[in-house]
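Enquirer: One structure coming up, written as structure tokens, with questions to follow.
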Amino acid sequence: MSLFEVENLTIVFDTSAGPFTALDGVSYSVNNGEVLAIVGESGSGKSVAMLAVMGLLPDTATVTADKMNFEGRDLLHMTAEERRKIIGKEIAMIFQEPVASLNPCFTVGFQIEEVLAEHLKLDKKSRRVRAIELLHSVGIMDAVDRLSSYPHQMSGGQCQRVMIAIAIACEPKVLIADEPTTALDVTIQKQILDLLLQLQADHGMGLIMITHDMGVVAETADRVIVQYQGSKMEESDVLTLFEAPQHAYTKALLSALPENATGDRLPTVGEFMVEQQPGDSA
Amino acid sequence: MSETIAPASENARLKMLSEFWHYFSQNRGAVVGLIVFGLLVLIAIFAPLIAPHGPFEQYRDALLTPPMWQEGGSARFILGTDAVGRDILSRLIHGSRYSLFIGVVVVTIALTGGILVGLIAGYFRGWVDSTIMRVMDIILAFPSLLLALVLVAILGPGLTNAMIAIAIVLQPHFARLTRAAVLSELGREYVTSARVVGAGHLRLMFVTILPNCVAPLIVQGTLSFSTAILDAAALGFLGMGAQPPTPEWGTMLADAREFILRAWWVVTFPGIAILVTVLAINLIGDGMRDALDPKLKRS
Amino acid sequence: MFRFILNKLALIIPTFIGITIVAFAFVRVLPGDPILLLAGERGVDPERYQQLLVQFGYDRPIWVQYFDYLWGLFQGDFGNSISTKRPVLGEFLTLFPATLELSFFAIIFATSLGIPAGIIAAVRRGSIFDQLTMGVALTGYSMPIFWWGLLLIILFSGTLGWTPVSGRISLLYFFPAVTGFMTIDSWLSGQAGAFRSAVSHLILPTIVLGTIPLAVIARQTRSAMLEVLGEDYVRTARAKGLSPRRVIGLHALRNALIPVITTIGLQVGVLMAGAILTETIFSWPGIGKWMVDSISRRDYPVVQGGLVLIAGIVMMVNLIVDLLYGLINPRIRHQ
């Protein structure tokens, strides 16, 4: 069953240097229990699409699409108020810089319980219990102490776990993870990815993983979308992508992996993109 | 700013200047401020030619005449006359010379003194730094106008002494800024490389480090320019600054105080002159701050 | 946190010593004979001069004089006013409540208008409201405030006749000073119309004194909010589906207020300086006017004492602001 259906999404930003097209007619879909990875380098527009779905883009952005549905509900033409009932509850998002993404003035407990109060309307006692539960489920064992901690007192990995706890607090149907491990140490990266996959499997969520790291894609994804400068280059299931990439850009990304290095020079994207056009090759 | 090489070449400077102008001119208020300020400078330079009367000429037959458009006014005295029959417009025009002069002198003294002190404090650190910064703190512990008043009390009332007093009061701001900038630049690689090559203390301070601290100093300079004009006017108003019959705008307001209910024009116009001047400078200062602040650079 | 407090306290001591040195040196730096200046007498015969010399301690080495001076300060002896012959400290304590009351209302005026204006200007960046508010704020601190006061007097007291021209309360009323705050004392006195008179006398001076702090606070709030609104944690708050009111009013504002509170505290120093001009214009019997009058009357013991007292107060307020900052900034409060 398709949770998420976005068709022909275009996002144009109004900048001082004229309109800038961050995303040009890209389509996405995510099903129940599926992990979709969106891969691309900086400026490929991979985050922008998801921010548009969440309604987190500034007013300078014009969002147009043929369709933008969540469980059949039209996200595009919804009022801001209606959308606020969905995000944080049924669709949740975590971001790249975990420590900066938490409010330095409030305790971790406050920030988790806030979501519970807002969407689930739990009372004080139930909120506390549920917050401790959530912290346990993301691997923070000294949960009771952590509830009264401030973000700056915790490490990046711990903060990301808290962010995940906040995100899954209301048992969302889709979790969007925007480069969740990029800012973390390599050893912690694996832990967080494993945690995300485990939670995804336990709750049957759809997981959208935005990343620039093909290694992460290999570890986590079921399906992959490759983006470059606002357009979709390729979309396929993960095995096909790695074994038989269609588009030149995908080939370029794969050969840029140190593991695939042969010879004494790493190839550049430019060398692969000589004659290719952007295209959808699913 | 570059990390390893200090931008000393001509080309780099020109590029920085044009980039600065690009951002500055985007700010409409700043451009308006610049134009107004330019006009003021012209008025000050050509004051004797522009003013219809001399600033000290008293017309005994026209004491406290209202402005031209009011009943009892005349075209001879467009903005009216004061209590001893002097033309207000002419005095305002000549007064612009004093205000600009005050701004330039005060900022020059405060800037030079502050930079020297800040450079020494930031560069040598240790007890030199602590002592200097304590002295700055002490100056800053006194409310600025109060300290200026007391200094003028010591030195004697008058415009020169008022300028010196204000410069002393404003100097710690420059010292602090310079010191902070020096401290952050000291850790940079280009300083280390210059030191390795064998640059002496003086050269390091003035040639290597100082040019890179310029941006916040310029912004503070414009702010201090307007503060200087306001403080000098305040001292003039209290009778401690420029003395009558000098046509300094603040002093004009001191004379006018007893007539506020009888002759509103004697009070209003000098104040407007101060307001317009200071506003123009502050607009320029704001524009400079936005243009020089790297954080706000838009693509 | 404890270390933070200790550090701040430690810094005050040398500054305070410095202030006393400045005040101590002040009389000796003035043109003229310091002994005669302190006594307020002129053309004295040698016998009287010798008397005064010993009275003021000038026969002792200078560092002894300084320590005597310092010791005197700690005991509350700031010398005696030449004009009134009364102790400087006593006069200060009588007049200070007037300045305190005025400053108090000025800050209330400035914050209650400035903070909301700054918040709205930031949230609606670039809008007409934003440009207008910031334009007004810029004009506010580009004005000479003594002129602003005169202008308001011309308009509201002269032309419209709505407000009185000077003083703290109409001369009709007389009652004992319980707190020194005219608003409280007039209320307590129970005399009909007294409270109203006190309030109407406060209106114009409060606006005049509070104009610059209002402008500065509005601008500071706006820039603090703008910076905070771009932070990641605000995006997270939005992503949680919280209402805009909660995102801005709670998540953003709590962080933005931290630098703003510092600004508010530092405005106290501005108020002390601004009080000089405001009190002069409105004949408000506070310490600002007292200082100005004393300087022109050459009442140097008052000037000397006033310097220490006023600077001391500004220093204490800055210390409190520093400590408060440590308290409300969670990064400092919790290690």
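Scheme for the structure tokens: letters A, B, ... for chains in order shown; per-chain residue numbers from 1; ligand numbers from 1 in order shown.
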Write out as an NGL selection string the residues lying within 7 Å of range 145-160 of chain B, counting only C-alpha atoms and excluding same-chain residues fewer than 6 positions away.

Expert: (:B and (166 or 169 or 231 or 240-243)) or (:C and (29-31 or 273 or 295))

Enquirer: Output N, CA and C atoms of each residue in that selection to a file, as a CSV table (one decimal), in the first residue's frame.

Expert:
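Done, and the output landed in out20.csv:
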chain,number,residue,atom,x,y,z
B,166,ILE,N,34.9,63.9,25.3
B,166,ILE,CA,34.1,62.9,24.6
B,166,ILE,C,35.0,61.9,24.0
B,169,VAL,N,36.0,59.4,26.6
B,169,VAL,CA,34.9,58.6,27.0
B,169,VAL,C,34.6,57.5,26.0
B,231,ASP,N,26.6,63.9,22.0
B,231,ASP,CA,27.2,64.3,23.3
B,231,ASP,C,27.7,65.7,23.3
B,240,MET,N,28.3,73.5,29.0
B,240,MET,CA,29.7,73.1,29.2
B,240,MET,C,30.5,72.8,27.9
B,241,GLY,N,29.8,73.0,26.8
B,241,GLY,CA,30.5,72.7,25.5
B,241,GLY,C,30.8,74.0,24.8
B,242,ALA,N,30.5,74.0,23.6
B,242,ALA,CA,30.7,75.3,22.8
B,242,ALA,C,30.0,76.4,23.5
B,243,GLN,N,30.6,77.5,23.7
B,243,GLN,CA,30.0,78.6,24.4
B,243,GLN,C,29.3,79.6,23.5
C,29,VAL,N,43.0,67.3,40.6
C,29,VAL,CA,43.4,67.6,39.2
C,29,VAL,C,42.7,68.9,38.8
C,30,LEU,N,41.7,69.3,39.5
C,30,LEU,CA,41.0,70.5,39.2
C,30,LEU,C,41.9,71.7,39.2
C,31,PRO,N,41.7,72.7,38.4
C,31,PRO,CA,42.4,73.9,38.5
C,31,PRO,C,42.1,74.6,39.9
C,273,ALA,N,23.0,58.0,32.6
C,273,ALA,CA,23.5,59.1,31.8
C,273,ALA,C,22.4,60.0,31.3
C,295,ILE,N,28.1,70.6,39.6
C,295,ILE,CA,29.2,70.9,38.8
C,295,ILE,C,29.2,72.4,38.5

Enquirer: Could you make a table, as JSON lines, of the residues of chain C that have an atom within 7 Å of an atom of chain B, each with its nearest atom pair and distance in Å to one decimal, counting only C-alpha atoms, in chain and number order?

Expert:
{"residue": "C:Thr15", "atom": "CA", "partner": "B:Ile138", "partner_atom": "CA", "distance": 5.5}
{"residue": "C:Gly18", "atom": "CA", "partner": "B:Ile138", "partner_atom": "CA", "distance": 6.0}
{"residue": "C:Ile19", "atom": "CA", "partner": "B:Ile138", "partner_atom": "CA", "distance": 6.1}
{"residue": "C:Val29", "atom": "CA", "partner": "B:Ile154", "partner_atom": "CA", "distance": 6.8}
{"residue": "C:Leu30", "atom": "CA", "partner": "B:Ile154", "partner_atom": "CA", "distance": 4.8}
{"residue": "C:Pro31", "atom": "CA", "partner": "B:Ile154", "partner_atom": "CA", "distance": 6.7}
{"residue": "C:Thr139", "atom": "CA", "partner": "B:Leu279", "partner_atom": "CA", "distance": 6.3}
{"residue": "C:Ser142", "atom": "CA", "partner": "B:Leu279", "partner_atom": "CA", "distance": 5.2}
{"residue": "C:Met143", "atom": "CA", "partner": "B:Leu275", "partner_atom": "CA", "distance": 5.0}
{"residue": "C:Pro144", "atom": "CA", "partner": "B:Leu230", "partner_atom": "CA", "distance": 5.9}
{"residue": "C:Trp147", "atom": "CA", "partner": "B:Gly271", "partner_atom": "CA", "distance": 5.8}
{"residue": "C:Leu151", "atom": "CA", "partner": "B:Thr268", "partner_atom": "CA", "distance": 7.0}
{"residue": "C:Ile154", "atom": "CA", "partner": "B:Leu261", "partner_atom": "CA", "distance": 6.0}
{"residue": "C:Gly158", "atom": "CA", "partner": "B:Leu261", "partner_atom": "CA", "distance": 6.0}
{"residue": "C:Gly269", "atom": "CA", "partner": "B:Pro143", "partner_atom": "CA", "distance": 5.7}
{"residue": "C:Val270", "atom": "CA", "partner": "B:Pro143", "partner_atom": "CA", "distance": 6.7}
{"residue": "C:Met272", "atom": "CA", "partner": "B:Pro143", "partner_atom": "CA", "distance": 6.4}
{"residue": "C:Ala273", "atom": "CA", "partner": "B:Pro143", "partner_atom": "CA", "distance": 5.0}
{"residue": "C:Ile295", "atom": "CA", "partner": "B:Ala153", "partner_atom": "CA", "distance": 6.8}
{"residue": "C:Ala311", "atom": "CA", "partner": "B:Phe142", "partner_atom": "CA", "distance": 4.9}
{"residue": "C:Val314", "atom": "CA", "partner": "B:Ala141", "partner_atom": "CA", "distance": 6.5}
{"residue": "C:Met315", "atom": "CA", "partner": "B:Ala141", "partner_atom": "CA", "distance": 6.0}

Enquirer: Pull N, CA and C atoms from the residues just selected and write them as an mmCIF file, in the first residue's frame.

Expert:
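What landed in out-v8.cif:
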data_model
loop_
_atom_site.group_PDB
_atom_site.id
_atom_site.type_symbol
_atom_site.label_atom_id
_atom_site.label_comp_id
_atom_site.auth_asym_id
_atom_site.auth_seq_id
_atom_site.Cartn_x
_atom_site.Cartn_y
_atom_site.Cartn_z
ATOM 1 N N THR C 15 38.127 47.226 39.534
ATOM 2 C CA THR C 15 37.372 48.310 38.906
ATOM 3 C C THR C 15 36.891 49.298 39.949
ATOM 4 N N GLY C 18 39.631 51.381 41.098
ATOM 5 C CA GLY C 18 39.893 52.376 40.064
ATOM 6 C C GLY C 18 38.937 53.554 40.150
ATOM 7 N N ILE C 19 37.671 53.252 40.377
ATOM 8 C CA ILE C 19 36.673 54.319 40.476
ATOM 9 C C ILE C 19 37.016 55.246 41.628
ATOM 10 N N VAL C 29 43.020 67.250 40.618
ATOM 11 C CA VAL C 29 43.354 67.571 39.244
ATOM 12 C C VAL C 29 42.711 68.887 38.801
ATOM 13 N N LEU C 30 41.706 69.294 39.544
ATOM 14 C CA LEU C 30 41.000 70.524 39.172
ATOM 15 C C LEU C 30 41.927 71.730 39.244
ATOM 16 N N PRO C 31 41.658 72.714 38.403
ATOM 17 C CA PRO C 31 42.440 73.947 38.531
ATOM 18 C C PRO C 31 42.102 74.620 39.853
ATOM 19 N N THR C 139 15.298 56.451 14.376
ATOM 20 C CA THR C 139 15.083 57.863 14.659
ATOM 21 C C THR C 139 15.166 58.111 16.158
ATOM 22 N N SER C 142 18.594 58.475 17.286
ATOM 23 C CA SER C 142 19.356 59.520 16.594
ATOM 24 C C SER C 142 18.979 60.903 17.088
ATOM 25 N N MET C 143 18.004 60.952 17.972
ATOM 26 C CA MET C 143 17.549 62.264 18.450
ATOM 27 C C MET C 143 18.324 62.699 19.671
ATOM 28 N N PRO C 144 18.592 63.988 19.792
ATOM 29 C CA PRO C 144 19.088 64.461 21.090
ATOM 30 C C PRO C 144 17.926 64.447 22.069
ATOM 31 N N TRP C 147 16.269 67.640 23.385
ATOM 32 C CA TRP C 147 15.416 68.301 22.413
ATOM 33 C C TRP C 147 14.077 67.616 22.333
ATOM 34 N N LEU C 151 10.513 69.294 22.909
ATOM 35 C CA LEU C 151 9.468 69.187 21.898
ATOM 36 C C LEU C 151 8.173 68.667 22.501
ATOM 37 N N ILE C 154 6.560 71.300 24.555
ATOM 38 C CA ILE C 154 5.873 72.275 23.708
ATOM 39 C C ILE C 154 4.523 71.733 23.273
ATOM 40 N N GLY C 158 2.432 72.618 26.471
ATOM 41 C CA GLY C 158 2.156 73.959 25.975
ATOM 42 C C GLY C 158 0.867 74.016 25.181
ATOM 43 N N GLY C 269 22.940 51.737 32.681
ATOM 44 C CA GLY C 269 24.020 52.715 32.574
ATOM 45 C C GLY C 269 23.597 53.884 31.705
ATOM 46 N N VAL C 270 22.921 53.556 30.599
ATOM 47 C CA VAL C 270 22.403 54.597 29.709
ATOM 48 C C VAL C 270 21.401 55.469 30.445
ATOM 49 N N MET C 272 21.252 56.140 33.632
ATOM 50 C CA MET C 272 21.913 57.041 34.557
ATOM 51 C C MET C 272 22.452 58.263 33.805
ATOM 52 N N ALA C 273 23.010 58.005 32.601
ATOM 53 C CA ALA C 273 23.528 59.124 31.822
ATOM 54 C C ALA C 273 22.388 59.955 31.272
ATOM 55 N N ILE C 295 28.078 70.576 39.610
ATOM 56 C CA ILE C 295 29.235 70.929 38.797
ATOM 57 C C ILE C 295 29.227 72.422 38.493
ATOM 58 N N ALA C 311 28.855 55.563 39.737
ATOM 59 C CA ALA C 311 29.620 54.509 39.063
ATOM 60 C C ALA C 311 29.489 53.198 39.810
ATOM 61 N N VAL C 314 26.177 51.646 38.846
ATOM 62 C CA VAL C 314 26.230 51.084 37.485
ATOM 63 C C VAL C 314 27.000 49.768 37.480
ATOM 64 N N MET C 315 28.103 49.763 38.242
ATOM 65 C CA MET C 315 28.922 48.557 38.331
ATOM 66 C C MET C 315 28.140 47.393 38.931
#

Enquirer: Can you check which parts of range 84-124 of chain B lie within 10 Å of range 196-208 of chain B? Per residue, the shortest pair of atoms and distance in Å to one decimal, counting only C-alpha atoms, sorted by chain and number, as JSON lines.

Expert:
{"residue": "B:Ile115", "atom": "CA", "partner": "B:Phe206", "partner_atom": "CA", "distance": 9.9}
{"residue": "B:Leu116", "atom": "CA", "partner": "B:Phe206", "partner_atom": "CA", "distance": 9.5}
{"residue": "B:Leu119", "atom": "CA", "partner": "B:Met205", "partner_atom": "CA", "distance": 6.8}
{"residue": "B:Ile120", "atom": "CA", "partner": "B:Met205", "partner_atom": "CA", "distance": 8.3}
{"residue": "B:Gly122", "atom": "CA", "partner": "B:Met205", "partner_atom": "CA", "distance": 9.6}
{"residue": "B:Tyr123", "atom": "CA", "partner": "B:Met205", "partner_atom": "CA", "distance": 7.3}
{"residue": "B:Phe124", "atom": "CA", "partner": "B:His201", "partner_atom": "CA", "distance": 9.4}

Enquirer: Please produce a file of those selected residues containing C-alpha atoms, as a compact mmCIF listing (two decimals), in the first residue's frame.

Expert:
# COMPACT_ATOMS: atom_id res chain seq x y z
CA ILE B 115 43.60 51.29 18.29
CA LEU B 116 47.01 51.88 19.82
CA LEU B 119 46.84 46.65 19.72
CA ILE B 120 49.26 46.80 22.61
CA GLY B 122 45.96 42.28 22.53
CA TYR B 123 49.44 41.75 21.20
CA PHE B 124 51.48 41.67 24.37

Enquirer: Skipping near chain neighbours, those fewer than 6 positions away, what residues fall within 12 Å of Ile5 in chain C using only C-alpha atoms, listed as a PyMOL selection string?

Expert: chain C and resi 11-12+319-327+332-333

Enquirer: Next, the residues of the selection above should be written as a short mmCIF file (atom, residue, chain, number, x, y, z; two decimals), in the first residue's frame with N, CA and C atoms.

Expert:
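Dumped everything to out-v7.cif:
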data_model
loop_
_atom_site.label_atom_id
_atom_site.label_comp_id
_atom_site.auth_asym_id
_atom_site.auth_seq_id
_atom_site.Cartn_x
_atom_site.Cartn_y
_atom_site.Cartn_z
N LEU C 11 36.53 40.42 39.36
CA LEU C 11 36.82 41.50 38.43
C LEU C 11 36.36 42.85 38.95
N ILE C 12 35.35 42.84 39.81
CA ILE C 12 34.79 44.11 40.27
C ILE C 12 35.76 44.87 41.14
N LEU C 319 27.08 43.89 37.22
CA LEU C 319 27.42 42.61 37.84
C LEU C 319 26.18 41.71 37.91
N ILE C 320 25.07 42.32 38.36
CA ILE C 320 23.83 41.55 38.47
C ILE C 320 23.42 41.02 37.10
N VAL C 321 23.56 41.87 36.09
CA VAL C 321 23.21 41.43 34.73
C VAL C 321 24.09 40.27 34.30
N ASP C 322 25.38 40.38 34.57
CA ASP C 322 26.30 39.29 34.23
C ASP C 322 25.90 37.99 34.90
N LEU C 323 25.58 38.09 36.20
CA LEU C 323 25.20 36.89 36.94
C LEU C 323 23.89 36.33 36.42
N LEU C 324 22.96 37.25 36.14
CA LEU C 324 21.66 36.83 35.61
C LEU C 324 21.85 36.08 34.31
N TYR C 325 22.77 36.60 33.47
CA TYR C 325 23.05 35.96 32.20
C TYR C 325 23.52 34.54 32.42
N GLY C 326 24.40 34.37 33.41
CA GLY C 326 24.87 33.03 33.70
C GLY C 326 23.75 32.13 34.15
N LEU C 327 22.76 32.72 34.79
CA LEU C 327 21.65 31.94 35.29
C LEU C 327 20.70 31.50 34.18
N ILE C 332 25.68 27.83 30.62
CA ILE C 332 26.54 28.23 31.73
C ILE C 332 26.01 27.71 33.05
N ARG C 333 24.69 27.69 33.18
CA ARG C 333 24.10 27.27 34.45
C ARG C 333 24.43 25.81 34.74
#

Enquirer: Using only C-alpha atoms, which chain A residues lie at most 12 Å away from chain B, written as an mmCIF file with C-alpha atoms, in the first residue's frame?

Expert:
data_model
loop_
_atom_site.group_PDB
_atom_site.id
_atom_site.type_symbol
_atom_site.label_atom_id
_atom_site.label_comp_id
_atom_site.auth_asym_id
_atom_site.auth_seq_id
_atom_site.Cartn_x
_atom_site.Cartn_y
_atom_site.Cartn_z
ATOM 1 C CA ASP A 14 12.915 33.427 -5.083
ATOM 2 C CA THR A 15 16.470 34.681 -4.644
ATOM 3 C CA SER A 16 18.166 38.042 -5.102
ATOM 4 C CA ALA A 17 19.806 36.584 -8.213
ATOM 5 C CA GLY A 18 16.482 35.579 -9.727
ATOM 6 C CA PHE A 20 16.315 29.274 -8.645
#

Enquirer: Find, counting only C-alpha atoms, the residue in A:Met141, A:Ala80, A:Ala218, A:Ala131 that gets nearest to Gly241 in chain C.

Expert: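 Ranked by minimum distance to Gly241 in chain C, first place goes to A:Ala80.
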
Enquirer: CA of Ile212 in chain C and CA of Gly140 in chain C, how far apart in Å?

Expert: 5.9 Å
